[in-house]
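Pasted below: input_38.cif, mmCIF, N, CA and C atoms.
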```cif
data_data
loop_
_atom_site.label_atom_id
_atom_site.label_comp_id
_atom_site.auth_asym_id
_atom_site.auth_seq_id
_atom_site.Cartn_x
_atom_site.Cartn_y
_atom_site.Cartn_z
N ALA A 1 -28.50 2.62 -11.55
CA ALA A 1 -27.56 2.17 -10.53
C ALA A 1 -26.27 2.98 -10.67
N ASN A 2 -25.70 3.34 -9.56
CA ASN A 2 -24.43 4.06 -9.56
C ASN A 2 -23.28 3.09 -9.71
N TYR A 3 -22.25 3.52 -10.40
CA TYR A 3 -21.03 2.72 -10.52
C TYR A 3 -20.18 2.98 -9.28
N LEU A 4 -19.74 1.93 -8.63
CA LEU A 4 -18.96 2.06 -7.40
C LEU A 4 -17.57 1.47 -7.63
N PRO A 5 -16.55 2.32 -7.90
CA PRO A 5 -15.21 1.77 -8.06
C PRO A 5 -14.70 1.29 -6.71
N GLU A 6 -14.01 0.19 -6.73
CA GLU A 6 -13.46 -0.31 -5.48
C GLU A 6 -12.12 -0.98 -5.76
N GLY A 7 -11.37 -1.17 -4.72
CA GLY A 7 -10.06 -1.77 -4.87
C GLY A 7 -9.00 -0.71 -5.01
N GLY A 8 -7.80 -1.14 -5.07
CA GLY A 8 -6.68 -0.21 -5.15
C GLY A 8 -5.71 -0.62 -6.23
N GLU A 9 -4.77 0.25 -6.47
CA GLU A 9 -3.73 -0.05 -7.44
C GLU A 9 -2.91 -1.24 -6.94
N PRO A 10 -2.64 -2.24 -7.79
CA PRO A 10 -1.84 -3.39 -7.36
C PRO A 10 -0.34 -3.13 -7.46
N TYR A 11 0.04 -1.90 -7.81
CA TYR A 11 1.45 -1.56 -7.96
C TYR A 11 1.61 -0.05 -7.77
N ASP A 12 2.86 0.38 -7.60
CA ASP A 12 3.16 1.80 -7.48
C ASP A 12 3.35 2.39 -8.87
N LYS A 13 2.94 3.64 -9.04
CA LYS A 13 3.21 4.36 -10.29
C LYS A 13 4.14 5.52 -9.96
N PRO A 14 5.30 5.57 -10.60
CA PRO A 14 6.22 6.67 -10.31
C PRO A 14 5.66 8.00 -10.80
N VAL A 15 6.15 9.08 -10.21
CA VAL A 15 5.72 10.41 -10.61
C VAL A 15 6.15 10.69 -12.05
N TYR A 16 7.34 10.28 -12.42
CA TYR A 16 7.84 10.50 -13.77
C TYR A 16 8.51 9.24 -14.26
N VAL A 17 8.14 8.79 -15.43
CA VAL A 17 8.76 7.61 -16.03
C VAL A 17 9.44 8.05 -17.32
N GLU A 18 10.75 7.89 -17.38
CA GLU A 18 11.47 8.23 -18.60
C GLU A 18 11.22 7.16 -19.63
N ARG A 19 10.82 7.56 -20.81
CA ARG A 19 10.56 6.60 -21.87
C ARG A 19 11.89 6.11 -22.44
N GLN A 20 12.02 4.80 -22.50
CA GLN A 20 13.25 4.20 -23.01
C GLN A 20 12.90 3.20 -24.10
N ARG A 21 13.91 2.86 -24.88
CA ARG A 21 13.73 1.81 -25.86
C ARG A 21 13.63 0.49 -25.13
N PRO A 22 12.90 -0.46 -25.69
CA PRO A 22 12.79 -1.78 -25.03
C PRO A 22 14.16 -2.42 -24.83
N GLN A 23 14.34 -3.00 -23.67
CA GLN A 23 15.57 -3.72 -23.38
C GLN A 23 15.21 -5.17 -23.11
N PHE A 24 15.93 -6.05 -23.74
CA PHE A 24 15.59 -7.46 -23.60
C PHE A 24 16.49 -8.19 -22.62
N ASP A 25 17.63 -7.61 -22.28
CA ASP A 25 18.53 -8.22 -21.30
C ASP A 25 18.30 -7.50 -19.97
N VAL A 26 17.22 -7.83 -19.31
CA VAL A 26 16.82 -7.13 -18.09
C VAL A 26 17.26 -7.94 -16.88
N GLN A 27 17.88 -7.26 -15.94
CA GLN A 27 18.30 -7.90 -14.70
C GLN A 27 17.56 -7.23 -13.56
N TYR A 28 16.91 -8.02 -12.75
CA TYR A 28 16.19 -7.50 -11.60
C TYR A 28 17.09 -7.59 -10.38
N LYS A 29 17.61 -6.44 -9.95
CA LYS A 29 18.58 -6.42 -8.85
C LYS A 29 18.02 -5.78 -7.59
N GLU A 30 16.73 -5.40 -7.60
CA GLU A 30 16.21 -4.69 -6.44
C GLU A 30 15.93 -5.60 -5.25
N GLY A 31 15.95 -6.93 -5.46
CA GLY A 31 15.72 -7.86 -4.36
C GLY A 31 14.39 -7.60 -3.69
N ILE A 32 14.41 -7.47 -2.37
CA ILE A 32 13.16 -7.25 -1.63
C ILE A 32 12.70 -5.80 -1.68
N PHE A 33 13.52 -4.92 -2.28
CA PHE A 33 13.17 -3.50 -2.32
C PHE A 33 12.50 -3.12 -3.64
N ALA A 34 11.43 -3.80 -3.95
CA ALA A 34 10.65 -3.51 -5.16
C ALA A 34 9.34 -2.85 -4.76
N GLY A 35 8.73 -2.14 -5.69
CA GLY A 35 7.42 -1.53 -5.44
C GLY A 35 7.47 -0.49 -4.34
N TYR A 36 6.50 -0.54 -3.42
CA TYR A 36 6.42 0.46 -2.36
C TYR A 36 7.65 0.42 -1.47
N ARG A 37 8.30 -0.74 -1.35
CA ARG A 37 9.51 -0.85 -0.52
C ARG A 37 10.64 -0.03 -1.12
N HIS A 38 10.72 0.04 -2.45
CA HIS A 38 11.74 0.85 -3.10
C HIS A 38 11.54 2.33 -2.79
N TYR A 39 10.30 2.79 -2.91
CA TYR A 39 10.02 4.21 -2.65
C TYR A 39 10.31 4.57 -1.20
N ASP A 40 10.03 3.66 -0.28
CA ASP A 40 10.40 3.91 1.12
C ASP A 40 11.91 4.00 1.28
N ALA A 41 12.65 3.10 0.60
CA ALA A 41 14.11 3.05 0.74
C ALA A 41 14.78 4.31 0.20
N VAL A 42 14.26 4.85 -0.91
CA VAL A 42 14.87 6.05 -1.50
C VAL A 42 14.18 7.33 -1.03
N LYS A 43 13.24 7.19 -0.13
CA LYS A 43 12.52 8.32 0.48
C LYS A 43 11.87 9.23 -0.57
N LYS A 44 11.15 8.61 -1.51
CA LYS A 44 10.40 9.35 -2.52
C LYS A 44 8.95 8.88 -2.51
N ASP A 45 8.06 9.81 -2.82
CA ASP A 45 6.64 9.48 -2.89
C ASP A 45 6.25 9.14 -4.32
N PRO A 46 5.59 7.99 -4.54
CA PRO A 46 5.10 7.69 -5.88
C PRO A 46 3.87 8.55 -6.19
N LEU A 47 3.53 8.64 -7.46
CA LEU A 47 2.35 9.38 -7.85
C LEU A 47 1.10 8.73 -7.26
N PHE A 48 1.01 7.41 -7.38
CA PHE A 48 -0.09 6.65 -6.77
C PHE A 48 0.53 5.53 -5.96
N ALA A 49 0.35 5.56 -4.67
CA ALA A 49 0.96 4.57 -3.78
C ALA A 49 0.25 3.23 -3.84
N PHE A 50 0.97 2.18 -3.44
CA PHE A 50 0.40 0.85 -3.34
C PHE A 50 -0.88 0.91 -2.52
N GLY A 51 -1.96 0.35 -3.04
CA GLY A 51 -3.23 0.37 -2.33
C GLY A 51 -4.07 1.59 -2.59
N HIS A 52 -3.53 2.57 -3.35
CA HIS A 52 -4.29 3.78 -3.64
C HIS A 52 -5.53 3.40 -4.44
N GLY A 53 -6.66 3.87 -4.02
CA GLY A 53 -7.88 3.58 -4.75
C GLY A 53 -8.72 4.83 -4.91
N LEU A 54 -9.64 4.76 -5.82
CA LEU A 54 -10.54 5.87 -6.06
C LEU A 54 -11.91 5.50 -5.52
N SER A 55 -12.59 6.45 -4.92
CA SER A 55 -13.88 6.18 -4.33
C SER A 55 -14.74 7.44 -4.37
N TYR A 56 -16.04 7.24 -4.29
CA TYR A 56 -16.96 8.37 -4.22
C TYR A 56 -17.28 8.73 -2.78
N THR A 57 -16.56 8.14 -1.84
CA THR A 57 -16.83 8.41 -0.43
C THR A 57 -15.51 8.56 0.31
N THR A 58 -15.58 8.84 1.60
CA THR A 58 -14.37 9.01 2.42
C THR A 58 -14.45 8.08 3.62
N PHE A 59 -13.29 7.78 4.18
CA PHE A 59 -13.21 6.87 5.31
C PHE A 59 -12.35 7.49 6.41
N ALA A 60 -12.64 7.14 7.65
CA ALA A 60 -11.86 7.61 8.79
C ALA A 60 -11.45 6.40 9.63
N TYR A 61 -10.21 6.44 10.11
CA TYR A 61 -9.67 5.38 10.97
C TYR A 61 -9.55 5.93 12.39
N SER A 62 -9.86 5.10 13.38
CA SER A 62 -9.73 5.53 14.77
C SER A 62 -9.55 4.31 15.68
N ALA A 63 -9.32 4.56 16.95
CA ALA A 63 -9.24 3.55 18.01
C ALA A 63 -8.21 2.46 17.72
N LEU A 64 -7.01 2.86 17.27
CA LEU A 64 -5.94 1.89 17.03
C LEU A 64 -5.55 1.22 18.34
N CYS A 65 -5.48 -0.10 18.32
CA CYS A 65 -5.10 -0.86 19.51
C CYS A 65 -4.13 -1.96 19.08
N VAL A 66 -2.91 -1.95 19.65
CA VAL A 66 -1.91 -2.98 19.39
C VAL A 66 -1.66 -3.71 20.70
N THR A 67 -1.99 -5.00 20.72
CA THR A 67 -1.92 -5.79 21.94
C THR A 67 -0.92 -6.93 21.79
N PRO A 68 0.11 -6.99 22.66
CA PRO A 68 1.06 -8.11 22.60
C PRO A 68 0.37 -9.44 22.92
N VAL A 69 0.84 -10.50 22.24
CA VAL A 69 0.33 -11.85 22.45
C VAL A 69 1.47 -12.68 23.03
N ALA A 70 1.15 -13.73 23.77
CA ALA A 70 2.14 -14.55 24.47
C ALA A 70 3.22 -15.11 23.54
N ASP A 71 2.88 -15.41 22.30
CA ASP A 71 3.87 -16.00 21.38
C ASP A 71 4.82 -14.98 20.77
N GLY A 72 4.75 -13.72 21.18
CA GLY A 72 5.63 -12.68 20.67
C GLY A 72 5.03 -11.86 19.55
N SER A 73 3.90 -12.28 19.02
CA SER A 73 3.24 -11.51 17.97
C SER A 73 2.34 -10.45 18.62
N VAL A 74 1.61 -9.73 17.80
CA VAL A 74 0.69 -8.72 18.32
C VAL A 74 -0.65 -8.84 17.59
N ASP A 75 -1.70 -8.44 18.27
CA ASP A 75 -3.01 -8.29 17.65
C ASP A 75 -3.21 -6.80 17.38
N VAL A 76 -3.69 -6.49 16.19
CA VAL A 76 -3.94 -5.10 15.80
C VAL A 76 -5.41 -4.95 15.48
N SER A 77 -6.03 -3.93 16.06
CA SER A 77 -7.43 -3.66 15.74
C SER A 77 -7.62 -2.15 15.64
N PHE A 78 -8.63 -1.77 14.88
CA PHE A 78 -8.98 -0.36 14.72
C PHE A 78 -10.37 -0.28 14.15
N VAL A 79 -10.94 0.89 14.19
CA VAL A 79 -12.29 1.13 13.68
C VAL A 79 -12.17 1.90 12.37
N VAL A 80 -12.90 1.45 11.36
CA VAL A 80 -12.96 2.16 10.07
C VAL A 80 -14.41 2.60 9.86
N GLN A 81 -14.61 3.88 9.59
CA GLN A 81 -15.95 4.41 9.36
C GLN A 81 -16.04 5.03 7.97
N ASN A 82 -17.19 4.83 7.33
CA ASN A 82 -17.49 5.50 6.07
C ASN A 82 -18.07 6.86 6.46
N THR A 83 -17.32 7.91 6.25
CA THR A 83 -17.76 9.25 6.66
C THR A 83 -18.43 10.02 5.52
N GLY A 84 -18.60 9.35 4.38
CA GLY A 84 -19.19 10.02 3.23
C GLY A 84 -20.68 9.76 3.09
N ALA A 85 -21.23 10.23 1.97
CA ALA A 85 -22.66 10.13 1.72
C ALA A 85 -23.04 8.94 0.85
N MET A 86 -22.06 8.16 0.39
CA MET A 86 -22.34 7.00 -0.46
C MET A 86 -21.75 5.74 0.15
N ASP A 87 -22.37 4.60 -0.16
CA ASP A 87 -21.79 3.32 0.23
C ASP A 87 -20.42 3.19 -0.43
N GLY A 88 -19.52 2.46 0.20
CA GLY A 88 -18.19 2.30 -0.38
C GLY A 88 -17.47 1.10 0.17
N VAL A 89 -16.32 0.83 -0.39
CA VAL A 89 -15.47 -0.28 0.04
C VAL A 89 -14.08 0.27 0.33
N GLU A 90 -13.55 -0.04 1.51
CA GLU A 90 -12.19 0.35 1.88
C GLU A 90 -11.38 -0.92 2.09
N VAL A 91 -10.13 -0.89 1.67
CA VAL A 91 -9.22 -1.99 1.96
C VAL A 91 -8.25 -1.49 3.02
N ALA A 92 -8.48 -1.91 4.25
CA ALA A 92 -7.62 -1.51 5.37
C ALA A 92 -6.35 -2.35 5.33
N GLN A 93 -5.20 -1.69 5.55
CA GLN A 93 -3.91 -2.36 5.47
C GLN A 93 -3.14 -2.16 6.76
N VAL A 94 -2.38 -3.19 7.16
CA VAL A 94 -1.52 -3.11 8.35
C VAL A 94 -0.09 -3.38 7.90
N TYR A 95 0.80 -2.46 8.24
CA TYR A 95 2.21 -2.58 7.91
C TYR A 95 3.02 -2.73 9.20
N VAL A 96 4.13 -3.46 9.12
CA VAL A 96 5.05 -3.59 10.25
C VAL A 96 6.46 -3.27 9.78
N GLY A 97 7.33 -2.99 10.74
CA GLY A 97 8.73 -2.73 10.42
C GLY A 97 9.62 -3.18 11.56
N ASP A 98 10.86 -3.54 11.25
CA ASP A 98 11.84 -3.97 12.25
C ASP A 98 12.93 -2.92 12.30
N LEU A 99 12.94 -2.12 13.36
CA LEU A 99 13.89 -1.02 13.48
C LEU A 99 15.29 -1.46 13.92
N GLU A 100 15.42 -2.70 14.41
CA GLU A 100 16.71 -3.16 14.91
C GLU A 100 17.16 -4.44 14.22
N CYS A 101 16.91 -4.56 12.94
CA CYS A 101 17.25 -5.76 12.20
C CYS A 101 18.73 -5.76 11.82
N SER A 102 19.37 -6.94 11.83
CA SER A 102 20.80 -7.03 11.51
C SER A 102 21.05 -7.23 10.02
N VAL A 103 20.02 -7.45 9.23
CA VAL A 103 20.14 -7.60 7.78
C VAL A 103 19.26 -6.55 7.11
N PRO A 104 19.54 -6.20 5.87
CA PRO A 104 18.70 -5.19 5.20
C PRO A 104 17.24 -5.64 5.12
N ARG A 105 16.37 -4.79 5.60
CA ARG A 105 14.93 -5.06 5.58
C ARG A 105 14.21 -3.80 5.12
N PRO A 106 13.04 -3.95 4.53
CA PRO A 106 12.25 -2.77 4.17
C PRO A 106 11.84 -2.01 5.43
N PHE A 107 11.65 -0.70 5.27
CA PHE A 107 11.20 0.15 6.37
C PHE A 107 9.84 -0.32 6.88
N ARG A 108 8.97 -0.74 5.97
CA ARG A 108 7.66 -1.27 6.34
C ARG A 108 7.29 -2.39 5.39
N GLU A 109 6.54 -3.36 5.90
CA GLU A 109 6.10 -4.50 5.10
C GLU A 109 4.60 -4.72 5.35
N LEU A 110 3.87 -4.95 4.28
CA LEU A 110 2.45 -5.24 4.40
C LEU A 110 2.28 -6.61 5.05
N LYS A 111 1.56 -6.66 6.17
CA LYS A 111 1.36 -7.91 6.90
C LYS A 111 -0.09 -8.35 6.96
N GLY A 112 -1.00 -7.47 6.64
CA GLY A 112 -2.39 -7.88 6.66
C GLY A 112 -3.27 -6.84 6.01
N PHE A 113 -4.40 -7.29 5.48
CA PHE A 113 -5.37 -6.37 4.89
C PHE A 113 -6.75 -7.01 4.95
N ALA A 114 -7.76 -6.18 4.86
CA ALA A 114 -9.14 -6.66 4.85
C ALA A 114 -9.98 -5.74 3.98
N ARG A 115 -10.84 -6.33 3.17
CA ARG A 115 -11.77 -5.57 2.32
C ARG A 115 -13.03 -5.33 3.14
N LEU A 116 -13.39 -4.06 3.29
CA LEU A 116 -14.49 -3.70 4.17
C LEU A 116 -15.58 -2.95 3.40
N PRO A 117 -16.67 -3.60 3.01
CA PRO A 117 -17.78 -2.88 2.42
C PRO A 117 -18.53 -2.14 3.54
N LEU A 118 -18.70 -0.83 3.40
CA LEU A 118 -19.33 -0.04 4.46
C LEU A 118 -20.43 0.84 3.88
N ALA A 119 -21.57 0.82 4.53
CA ALA A 119 -22.67 1.68 4.11
C ALA A 119 -22.36 3.13 4.46
N ALA A 120 -22.97 4.05 3.75
CA ALA A 120 -22.76 5.47 4.02
C ALA A 120 -23.08 5.77 5.48
N GLY A 121 -22.16 6.47 6.14
CA GLY A 121 -22.37 6.84 7.52
C GLY A 121 -22.12 5.75 8.53
N ALA A 122 -21.73 4.56 8.08
CA ALA A 122 -21.53 3.43 9.01
C ALA A 122 -20.09 3.35 9.49
#
```
Give the structure from this file in structure tokens form.
Amino acid sequence: ANYLPEGGEPYDKPVYVERQRPQFDVQYKEGIFAGYRHYDAVKKDPLFAFGHGLSYTTFAYSALCVTPVADGSVDVSFVVQNTGAMDGVEVAQVYVGDLECSVPRPFRELKGFARLPLAAGA
């Protein structure tokens, strides 16, 4: 049986981490700008982004459709295809952002995701 890695990193890994001595008086001041939101705010790419996963196959996204709903929300749909030669699992993610917010907000926020097991070529 082949080993099939699935899933993604549950956190961001910076490109370079300076080694420091342990600090016990730690203050968390980043507020809502932690993880991938921090990298967006400082306009830097992490070495491995949130949701980055390893796979033996490839996936393609197409047919994005964003449809307004009467309550002011939107429905988002798209097609995900396994374009590789092996079965695999993709975790599709949907991010949103508020470009006209009056308070500090992240550039993008994860609002939905789905784990999609897909057969090769499906």
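For range 113-118 of chain A, the non-local neighbours within 8 Å, defined as residues at least 6 positions apart in the same chain or in other chains and counting only N, CA and C atoms, are Val80, Gln81, Asn82, Met86, Asp87, Gly88, Val89, Glu90, Val91, Ala92, Gln93, Val94 and Tyr95 of chain A.
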Write a file of the selected residues as a PDB file, in the coordinates of the input, keeping N, CA and C atoms.
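Once everything was written out, this is part-v4.pdb:
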```
ATOM      1  N   VAL A  80     -12.900   1.450  11.360  1.00  0.00           N
ATOM      2  CA  VAL A  80     -12.960   2.160  10.070  1.00  0.00           C
ATOM      3  C   VAL A  80     -14.410   2.600   9.860  1.00  0.00           C
ATOM      4  N   GLN A  81     -14.610   3.880   9.590  1.00  0.00           N
ATOM      5  CA  GLN A  81     -15.950   4.410   9.360  1.00  0.00           C
ATOM      6  C   GLN A  81     -16.040   5.030   7.970  1.00  0.00           C
ATOM      7  N   ASN A  82     -17.190   4.830   7.330  1.00  0.00           N
ATOM      8  CA  ASN A  82     -17.490   5.500   6.070  1.00  0.00           C
ATOM      9  C   ASN A  82     -18.070   6.860   6.460  1.00  0.00           C
ATOM     10  N   MET A  86     -22.060   8.160   0.390  1.00  0.00           N
ATOM     11  CA  MET A  86     -22.340   7.000  -0.460  1.00  0.00           C
ATOM     12  C   MET A  86     -21.750   5.740   0.150  1.00  0.00           C
ATOM     13  N   ASP A  87     -22.370   4.600  -0.160  1.00  0.00           N
ATOM     14  CA  ASP A  87     -21.790   3.320   0.230  1.00  0.00           C
ATOM     15  C   ASP A  87     -20.420   3.190  -0.430  1.00  0.00           C
ATOM     16  N   GLY A  88     -19.520   2.460   0.200  1.00  0.00           N
ATOM     17  CA  GLY A  88     -18.190   2.300  -0.380  1.00  0.00           C
ATOM     18  C   GLY A  88     -17.470   1.100   0.170  1.00  0.00           C
ATOM     19  N   VAL A  89     -16.320   0.830  -0.390  1.00  0.00           N
ATOM     20  CA  VAL A  89     -15.470  -0.280   0.040  1.00  0.00           C
ATOM     21  C   VAL A  89     -14.080   0.270   0.330  1.00  0.00           C
ATOM     22  N   GLU A  90     -13.550  -0.040   1.510  1.00  0.00           N
ATOM     23  CA  GLU A  90     -12.190   0.350   1.880  1.00  0.00           C
ATOM     24  C   GLU A  90     -11.380  -0.920   2.090  1.00  0.00           C
ATOM     25  N   VAL A  91     -10.130  -0.890   1.670  1.00  0.00           N
ATOM     26  CA  VAL A  91      -9.220  -1.990   1.960  1.00  0.00           C
ATOM     27  C   VAL A  91      -8.250  -1.490   3.020  1.00  0.00           C
ATOM     28  N   ALA A  92      -8.480  -1.910   4.250  1.00  0.00           N
ATOM     29  CA  ALA A  92      -7.620  -1.510   5.370  1.00  0.00           C
ATOM     30  C   ALA A  92      -6.350  -2.350   5.330  1.00  0.00           C
ATOM     31  N   GLN A  93      -5.200  -1.690   5.550  1.00  0.00           N
ATOM     32  CA  GLN A  93      -3.910  -2.360   5.470  1.00  0.00           C
ATOM     33  C   GLN A  93      -3.140  -2.160   6.760  1.00  0.00           C
ATOM     34  N   VAL A  94      -2.380  -3.190   7.160  1.00  0.00           N
ATOM     35  CA  VAL A  94      -1.520  -3.110   8.350  1.00  0.00           C
ATOM     36  C   VAL A  94      -0.090  -3.380   7.900  1.00  0.00           C
ATOM     37  N   TYR A  95       0.800  -2.460   8.240  1.00  0.00           N
ATOM     38  CA  TYR A  95       2.210  -2.580   7.910  1.00  0.00           C
ATOM     39  C   TYR A  95       3.020  -2.730   9.200  1.00  0.00           C
TER      40      TYR A  95
END
```
- Output check: residues returned by the PyMOL selection byres ((chain A and resi 56-59) around 5), as JSON, numbers by chain: {"A": [54, 55, 60, 61, 81, 82, 83, 84]}
- Length of the CA of Leu110 in chain A to CA of Asp98 in chain A vector [Å]: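 So the answer is 12.3 Å.
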- Could you pull out the residues in chain A that DSSP calls helix (DSSP H, G or I) from the backbone, as a ChimeraX atom specification? /A:36-41
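Pairwise distance (atom N of Ala49 in chain A, atom N of Glu30 in chain A) equals 19.9 Å.
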- Mind giving me the straight-line distance from CA of Lys29 in chain A to atom C of Asp45 in chain A in Å, one decimal?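 Going from CA of Lys29 in chain A over to atom C of Asp45 in chain A covers 20.4 Å.
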- Check the DSSP output for the backbone and give back, as an MDAnalysis selection string, the residues of chain A in strand (DSSP E). chainID A and resid 59:68 74:82 88:96 109:118
- Task: Within 7 Å of (0.5, -2.0, 0.0) (coordinates as in the file), grab all the protein and nucleic acid residues, counting only C-alpha atoms, and write them out as a VMD selection string.
- Result: chain A and resid 36 50 to 51 110
Let's have the selection written as a tab-separated table (two decimals), in the frame of the given file, with N, CA and C atoms.
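result_34.tsv, freshly written:
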```tsv
chain	number	residue	atom	x	y	z
A	36	TYR	N	6.50	-0.54	-3.42
A	36	TYR	CA	6.42	0.46	-2.36
A	36	TYR	C	7.65	0.42	-1.47
A	50	PHE	N	0.97	2.18	-3.44
A	50	PHE	CA	0.40	0.85	-3.34
A	50	PHE	C	-0.88	0.91	-2.52
A	51	GLY	N	-1.96	0.35	-3.04
A	51	GLY	CA	-3.23	0.37	-2.33
A	51	GLY	C	-4.07	1.59	-2.59
A	110	LEU	N	3.87	-4.95	4.28
A	110	LEU	CA	2.45	-5.24	4.40
A	110	LEU	C	2.28	-6.61	5.05
```
- Test item: the PyMOL selection byres (((chain A and resi 40 and name CA) around 12) and name CA) resolved as a PyMOL selection string: chain A and resi 12+32-39+41-46+49-50+97+105-109
